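Colleague: To start, I am sharing the structure in question, which I have written as structure tokens.
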2 protein chains.
Amino acid sequence: MSAPEPRTPDRAEEAARAPLSKQRLRLWLRMLEATRHIEARLRDELRTEHDSTLPRFDVLAALYRRPAGLRMSELSAMLKVSNGNVTGIVERLAGEGHVERLRVEGDRRAMRVRLTEDGRARFAEMAGWHEARVNELLKDITAEELDPAIELLARIGRDQHDADGRD
Amino acid sequence: MSAPEPRTPDRAEEAARAPLSKQRLRLWLRMLEATRHIEARLRDELRTEHDSTLPRFDVLAALYRRPAGLRMSELSAMLKVSNGNVTGIVERLAGEGHVERLRVEGDRRAMRVRLTEDGRARFAEMAGWHEARVNELLKDITAEELDPAIELLARIGRDQHDADGRD
DNA sequence: GCCACATATTTCAAGCCTGAAATTTTAGGC
DNA sequence: GCCTAAAATTTCAGGCTTGAAATATGTGGC
């Protein structure tokens with residue numbers, strides 16, 4: 001009875017199963033890297049060329065599509081950040097004259113935030129630059145690659161809560 | 001001389017050229033969304049279950065692979081964050097006893113940071129959890145999808161500096 | 001009308017992050 | 001042996017972010 005010689009427990013299996021988890025980890029790391037790379041570029045140019053920031057841009061973008069404005073809580077839900085966070089960003093944007101805060105008729109707790117004319121013009125300007133810049137940063141991605149990649153990332157970002165398993 | 005009736009400037013072109021830029025923009029937005037989704041989940045669990053944070057985890061991970069330790073500047077280059085940032089994170093990790101700061105023989109400006117035994121054990125623990133959690137969050141990504149997606153993201157993250165065009 | 005609970009928002013402490021300015025030390029030229 | 005520039009790091013101000021606590025207001029039952 002010679003011992004079964006464990007060696008490498010199961011070569012074929014290791015090359016097929018274990019790596020799946022490792023590959024997913026690798027995917028995550030690359031995704032993080034890519035995102036940070038682009039964010040860094042955008043942030044830098046936004047700061048030096050437009051004297052603004054990514055979070056401010058995000059808020060302006062959300063408000064741009066809603067001429068009537070949004071409540072603080074709608075804004076934070078839309079951007080998926082905390083209420084307190086939005087308070088600070090809107091405060092600074094208001095200080096710069098890009099947004100205005102209005103009381104809501106009939107609910108004195110609520111606040112409606114809206115772009116000013118200046119904010120609207122300012123964002124339109126930045127939006128063009130933003131799209132062009134992203135297009136450049138992603139110029140190596142071909143037309144055929146785009147759709148599958150978008151679909152894949154959408155699948156990841158989608159809230160897969162209470163579907164079947166955990167969560 | 002009737003006016004040229006601008007209408008829609010060039011339908012065929014708009015359906016072929018303009019959307020490419022829009023699609024890249026969409027890709028970027030989905031990527032950002034996906035990344036934030038996963039980061040939020042990891043951060044939350046890291047905080048509630050492991051009493052730690054993502055940045056601390058990143059530092060521990062970098063040090064884990066270098067038993068001899070790393071200089072502050074090597075660490076910040078590796079993680080692609082500023083020097084000042086690393087100073088703070090390492091300071092907190094040192095306070096928790098997970099890393100130690102040693103002077104470098106022959107260069108009194110430099111600092112070598114190394115995992116303590118405790119830090120090493122602590123990270124090993126978290127690393128297993130981390131891989132499992134990421135694997136779960138990406139469970140919908142199939143084996144066939146992984147390689148192309150990793151390659152694509154690597155292409156985006158890769159520093160495409162001074163290649164041909166700008167930058 | 002009052003009370004309990006829910007909602008909308010702000011405030012706050014703690015941590016993360018950057019870019020710029022300081023600090024300390026090293027290295028080279030003379 | 002000095003002096004200047006470069007290198008390694010820290011310090012700092014300003015801003016982003018979260019989660020928890022505080023404030024203020026609204027709503028429904030009684």
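Letters A, B, ... go to the chains of the structure tokens in the order shown; residues in each chain start at 1; ligands are counted from 1 in the same order.
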Please produce, as JSON lines, a per-residue contact table for chain D versus chain A (criterion: any atom at most 12 Å away, only C-alpha atoms (C1' of nucleotides) considered), showing the nearest atom pair and its distance in Å to one decimal, sorted by chain then residue number.
Modeller:
{"residue": "D:DG14", "atom": "C1'", "partner": "A:Arg92", "partner_atom": "CA", "distance": 11.8}
{"residue": "D:DG15", "atom": "C1'", "partner": "A:Ile89", "partner_atom": "CA", "distance": 9.1}
{"residue": "D:DC16", "atom": "C1'", "partner": "A:Asn85", "partner_atom": "CA", "distance": 7.7}
{"residue": "D:DT17", "atom": "C1'", "partner": "A:Asn85", "partner_atom": "CA", "distance": 6.4}
{"residue": "D:DT18", "atom": "C1'", "partner": "A:Ser82", "partner_atom": "CA", "distance": 7.1}
{"residue": "D:DG19", "atom": "C1'", "partner": "A:Ser82", "partner_atom": "CA", "distance": 8.8}
{"residue": "D:DA20", "atom": "C1'", "partner": "A:Gly84", "partner_atom": "CA", "distance": 11.0}
{"residue": "D:DT23", "atom": "C1'", "partner": "A:Arg109", "partner_atom": "CA", "distance": 10.0}
{"residue": "D:DA24", "atom": "C1'", "partner": "A:Arg109", "partner_atom": "CA", "distance": 6.7}
{"residue": "D:DT25", "atom": "C1'", "partner": "A:Arg109", "partner_atom": "CA", "distance": 5.5}
{"residue": "D:DG26", "atom": "C1'", "partner": "A:Asp107", "partner_atom": "CA", "distance": 7.6}
Colleague: As a ChimeraX atom specification, please: all residues of chain B that backbone DSSP puts in strand (DSSP E or B).
Modeller: /B:70-71,99-104,107-115
Colleague: With C-alpha atoms retained, could you export that selection as a short mmCIF file (atom, residue, chain, number, x, y, z; two decimals), in the first residue's frame?
Modeller:
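Printed below is selection.cif as written:
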data_model
loop_
_atom_site.label_atom_id
_atom_site.label_comp_id
_atom_site.auth_asym_id
_atom_site.auth_seq_id
_atom_site.Cartn_x
_atom_site.Cartn_y
_atom_site.Cartn_z
CA LEU B 70 9.22 48.83 1.17
CA ARG B 71 10.21 52.44 1.30
CA VAL B 99 3.31 47.52 10.36
CA GLU B 100 6.60 48.85 11.67
CA ARG B 101 8.75 51.68 10.39
CA LEU B 102 12.49 51.14 10.26
CA ARG B 103 15.30 53.48 9.40
CA VAL B 104 17.29 52.63 6.31
CA ASP B 107 20.19 56.92 4.06
CA ARG B 108 18.72 58.77 6.95
CA ARG B 109 16.05 60.37 4.81
CA ALA B 110 14.42 57.09 3.92
CA MET B 111 12.00 54.90 5.81
CA ARG B 112 11.37 51.20 5.38
CA VAL B 113 7.92 49.89 6.20
CA ARG B 114 7.37 46.25 6.96
CA LEU B 115 4.52 44.05 8.13
#
Colleague: Residues of chain B within 6 Å of chain A, counting only C-alpha atoms, what are they? List them as an MDAnalysis selection string.
Modeller: chainID B and resid 21 24 27 30:31 33:34 37 135 150 153:154 156:157
Colleague: Let me see the file: selected residues, C-alpha atoms, as a short mmCIF file (atom, residue, chain, number, x, y, z; two decimals), in the first residue's frame.
Modeller:
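Once written, selection16.cif looks like this:
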data_model
loop_
_atom_site.label_atom_id
_atom_site.label_comp_id
_atom_site.auth_asym_id
_atom_site.auth_seq_id
_atom_site.Cartn_x
_atom_site.Cartn_y
_atom_site.Cartn_z
CA SER B 21 -18.00 58.72 -28.74
CA ARG B 24 -17.28 55.19 -25.07
CA LEU B 27 -18.65 52.49 -21.21
CA ARG B 30 -20.83 51.86 -16.52
CA MET B 31 -17.28 51.18 -15.47
CA GLU B 33 -20.78 52.49 -11.61
CA ALA B 34 -19.52 48.92 -11.44
CA HIS B 37 -20.70 49.23 -6.53
CA ASN B 135 -15.57 36.10 -6.57
CA ILE B 150 -9.23 41.55 -18.29
CA LEU B 153 -9.35 46.77 -18.86
CA ALA B 154 -5.61 46.28 -18.78
CA ILE B 156 -7.33 51.08 -20.50
CA GLY B 157 -5.35 51.13 -17.30
#
Colleague: Against chain B, which residues of chain C fall within 12 Å? For each one I want the closest pair of atoms and the distance in Å (one decimal), counting only C-alpha atoms (C1' of nucleotides), rows by chain and increasing residue number, as a Markdown table.
Modeller:
| residue | atom | partner | partner_atom | distance |
| --- | --- | --- | --- | --- |
| C:DA14 | C1' | B:Arg92 | CA | 11.9 |
| C:DG15 | C1' | B:Ile89 | CA | 9.0 |
| C:DC16 | C1' | B:Asn85 | CA | 7.6 |
| C:DC17 | C1' | B:Asn85 | CA | 6.3 |
| C:DT18 | C1' | B:Ser82 | CA | 7.0 |
| C:DG19 | C1' | B:Ser82 | CA | 8.8 |
| C:DA20 | C1' | B:Gly84 | CA | 11.1 |
| C:DT23 | C1' | B:Arg109 | CA | 10.1 |
| C:DT24 | C1' | B:Arg109 | CA | 6.6 |
| C:DT25 | C1' | B:Arg109 | CA | 5.5 |
| C:DT26 | C1' | B:Asp107 | CA | 7.7 |
| C:DA27 | C1' | B:Asp107 | CA | 11.8 |
Colleague: Would you output that residue set with C-alpha atoms (C1' of nucleotides), as a PDB file, in the first residue's frame?
Modeller:
ATOM      1  C1'  DA C  14     -12.770  60.456  11.355  1.00  0.00           C
ATOM      2  C1'  DG C  15     -10.456  58.979   7.493  1.00  0.00           C
ATOM      3  C1'  DC C  16      -8.924  59.347   2.650  1.00  0.00           C
ATOM      4  C1'  DC C  17      -6.693  62.034  -1.048  1.00  0.00           C
ATOM      5  C1'  DT C  18      -4.166  65.568  -3.572  1.00  0.00           C
ATOM      6  C1'  DG C  19      -0.816  69.134  -4.647  1.00  0.00           C
ATOM      7  C1'  DA C  20       2.201  72.379  -2.727  1.00  0.00           C
ATOM      8  C1'  DT C  23      12.316  69.616   6.298  1.00  0.00           C
ATOM      9  C1'  DT C  24      16.067  66.776   6.354  1.00  0.00           C
ATOM     10  C1'  DT C  25      19.640  64.479   4.179  1.00  0.00           C
ATOM     11  C1'  DT C  26      22.505  63.169   0.283  1.00  0.00           C
ATOM     12  C1'  DA C  27      25.452  63.941  -3.808  1.00  0.00           C
TER      13       DA C  27
END
Colleague: Which neighbours of Arg122 in chain B fall inside 12 Å, counting only C-alpha atoms (C1' of nucleotides), when residues of the same chain fewer than 6 positions from it are skipped, and could you give them as a PyMOL selection string?
Modeller: chain B and resi 50-52+56-57+60-61+64+93+96-99+115-116+128-129
Colleague: Write a file of the just-selected residues containing N, CA and C atoms, as a PDB file, in the first residue's frame.
Modeller:
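What follows is the written file part.pdb:
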ATOM      1  N   HIS B  50     -14.248  43.455   9.610  1.00  0.00           N
ATOM      2  CA  HIS B  50     -12.805  43.355   9.858  1.00  0.00           C
ATOM      3  C   HIS B  50     -12.224  44.617  10.483  1.00  0.00           C
ATOM      4  N   ASP B  51     -13.095  45.579  10.769  1.00  0.00           N
ATOM      5  CA  ASP B  51     -12.637  46.803  11.410  1.00  0.00           C
ATOM      6  C   ASP B  51     -11.445  47.407  10.671  1.00  0.00           C
ATOM      7  N   SER B  52     -11.557  47.463   9.343  1.00  0.00           N
ATOM      8  CA  SER B  52     -10.479  48.044   8.556  1.00  0.00           C
ATOM      9  C   SER B  52     -11.052  48.838   7.384  1.00  0.00           C
ATOM     10  N   ARG B  56      -6.205  50.776   3.777  1.00  0.00           N
ATOM     11  CA  ARG B  56      -5.340  50.002   4.668  1.00  0.00           C
ATOM     12  C   ARG B  56      -5.105  48.616   4.074  1.00  0.00           C
ATOM     13  N   PHE B  57      -6.154  48.007   3.545  1.00  0.00           N
ATOM     14  CA  PHE B  57      -6.024  46.694   2.931  1.00  0.00           C
ATOM     15  C   PHE B  57      -5.030  46.730   1.779  1.00  0.00           C
ATOM     16  N   LEU B  60      -1.474  46.858   3.138  1.00  0.00           N
ATOM     17  CA  LEU B  60      -1.081  45.560   3.683  1.00  0.00           C
ATOM     18  C   LEU B  60      -0.782  44.586   2.544  1.00  0.00           C
ATOM     19  N   ALA B  61      -1.613  44.612   1.500  1.00  0.00           N
ATOM     20  CA  ALA B  61      -1.423  43.700   0.371  1.00  0.00           C
ATOM     21  C   ALA B  61      -0.070  43.933  -0.298  1.00  0.00           C
ATOM     22  N   TYR B  64       2.653  42.665   1.977  1.00  0.00           N
ATOM     23  CA  TYR B  64       2.607  41.212   2.161  1.00  0.00           C
ATOM     24  C   TYR B  64       3.508  40.500   1.167  1.00  0.00           C
ATOM     25  N   LEU B  93      -1.729  52.367  10.477  1.00  0.00           N
ATOM     26  CA  LEU B  93      -1.423  50.935  10.540  1.00  0.00           C
ATOM     27  C   LEU B  93      -0.368  50.656  11.607  1.00  0.00           C
ATOM     28  N   GLU B  96      -1.904  50.611  14.930  1.00  0.00           N
ATOM     29  CA  GLU B  96      -2.642  49.373  15.178  1.00  0.00           C
ATOM     30  C   GLU B  96      -1.704  48.188  15.354  1.00  0.00           C
ATOM     31  N   GLY B  97      -0.418  48.433  15.145  1.00  0.00           N
ATOM     32  CA  GLY B  97       0.553  47.357  15.314  1.00  0.00           C
ATOM     33  C   GLY B  97       0.667  46.418  14.126  1.00  0.00           C
ATOM     34  N   HIS B  98       0.159  46.808  12.990  1.00  0.00           N
ATOM     35  CA  HIS B  98       0.207  45.927  11.831  1.00  0.00           C
ATOM     36  C   HIS B  98       1.467  46.111  10.989  1.00  0.00           C
ATOM     37  N   VAL B  99       2.059  47.287  11.083  1.00  0.00           N
ATOM     38  CA  VAL B  99       3.311  47.516  10.358  1.00  0.00           C
ATOM     39  C   VAL B  99       4.306  48.194  11.287  1.00  0.00           C
ATOM     40  N   LEU B 115       5.599  44.642   7.354  1.00  0.00           N
ATOM     41  CA  LEU B 115       4.519  44.048   8.135  1.00  0.00           C
ATOM     42  C   LEU B 115       5.089  43.494   9.434  1.00  0.00           C
ATOM     43  N   THR B 116       4.337  43.613  10.498  1.00  0.00           N
ATOM     44  CA  THR B 116       4.696  42.902  11.723  1.00  0.00           C
ATOM     45  C   THR B 116       4.132  41.492  11.587  1.00  0.00           C
ATOM     46  N   GLY B 128      -8.116  36.063   2.193  1.00  0.00           N
ATOM     47  CA  GLY B 128      -9.012  34.976   1.841  1.00  0.00           C
ATOM     48  C   GLY B 128     -10.439  35.476   1.711  1.00  0.00           C
ATOM     49  N   TRP B 129     -10.849  36.239   2.703  1.00  0.00           N
ATOM     50  CA  TRP B 129     -12.177  36.820   2.651  1.00  0.00           C
ATOM     51  C   TRP B 129     -12.348  37.670   1.392  1.00  0.00           C
TER      52      TRP B 129
END
Colleague: Enter the distance from C1' of DA6 in chain D to CA of Val90 in chain B, in Å, rounded to one decimal.
Modeller: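 For C1' of DA6 in chain D relative to CA of Val90 in chain B, the distance reads 25.2 Å.
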Colleague: Given only C-alpha atoms (C1' of nucleotides) as the basis, pick out the residue of C:DT7, C:DA22, C:DG29, C:DC12 nearest to DC3 in chain D.
Modeller: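 Of C:DT7, C:DA22, C:DG29, C:DC12, the one nearest DC3 in chain D, counting only C-alpha atoms (C1' of nucleotides), is C:DG29.
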Colleague: When you draw a straight line from CA of Thr48 in chain B to CA of Ala124 in chain B, how long is it in Å?
Modeller: 17.9 Å
Colleague: I need the helix (DSSP H, G or I) residues of range 78-158 of chain A per DSSP on the backbone, written as number ranges by chain.
Modeller: A: 78-79, 83-95, 117-137, 143-157
Colleague: Could you state the separation of C1' of DT10 in chain D and CA of Leu46 in chain B in Å, given to one decimal place?
Modeller: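 Value for the C1' of DT10 in chain D-CA of Leu46 in chain B distance: 28.3 Å.
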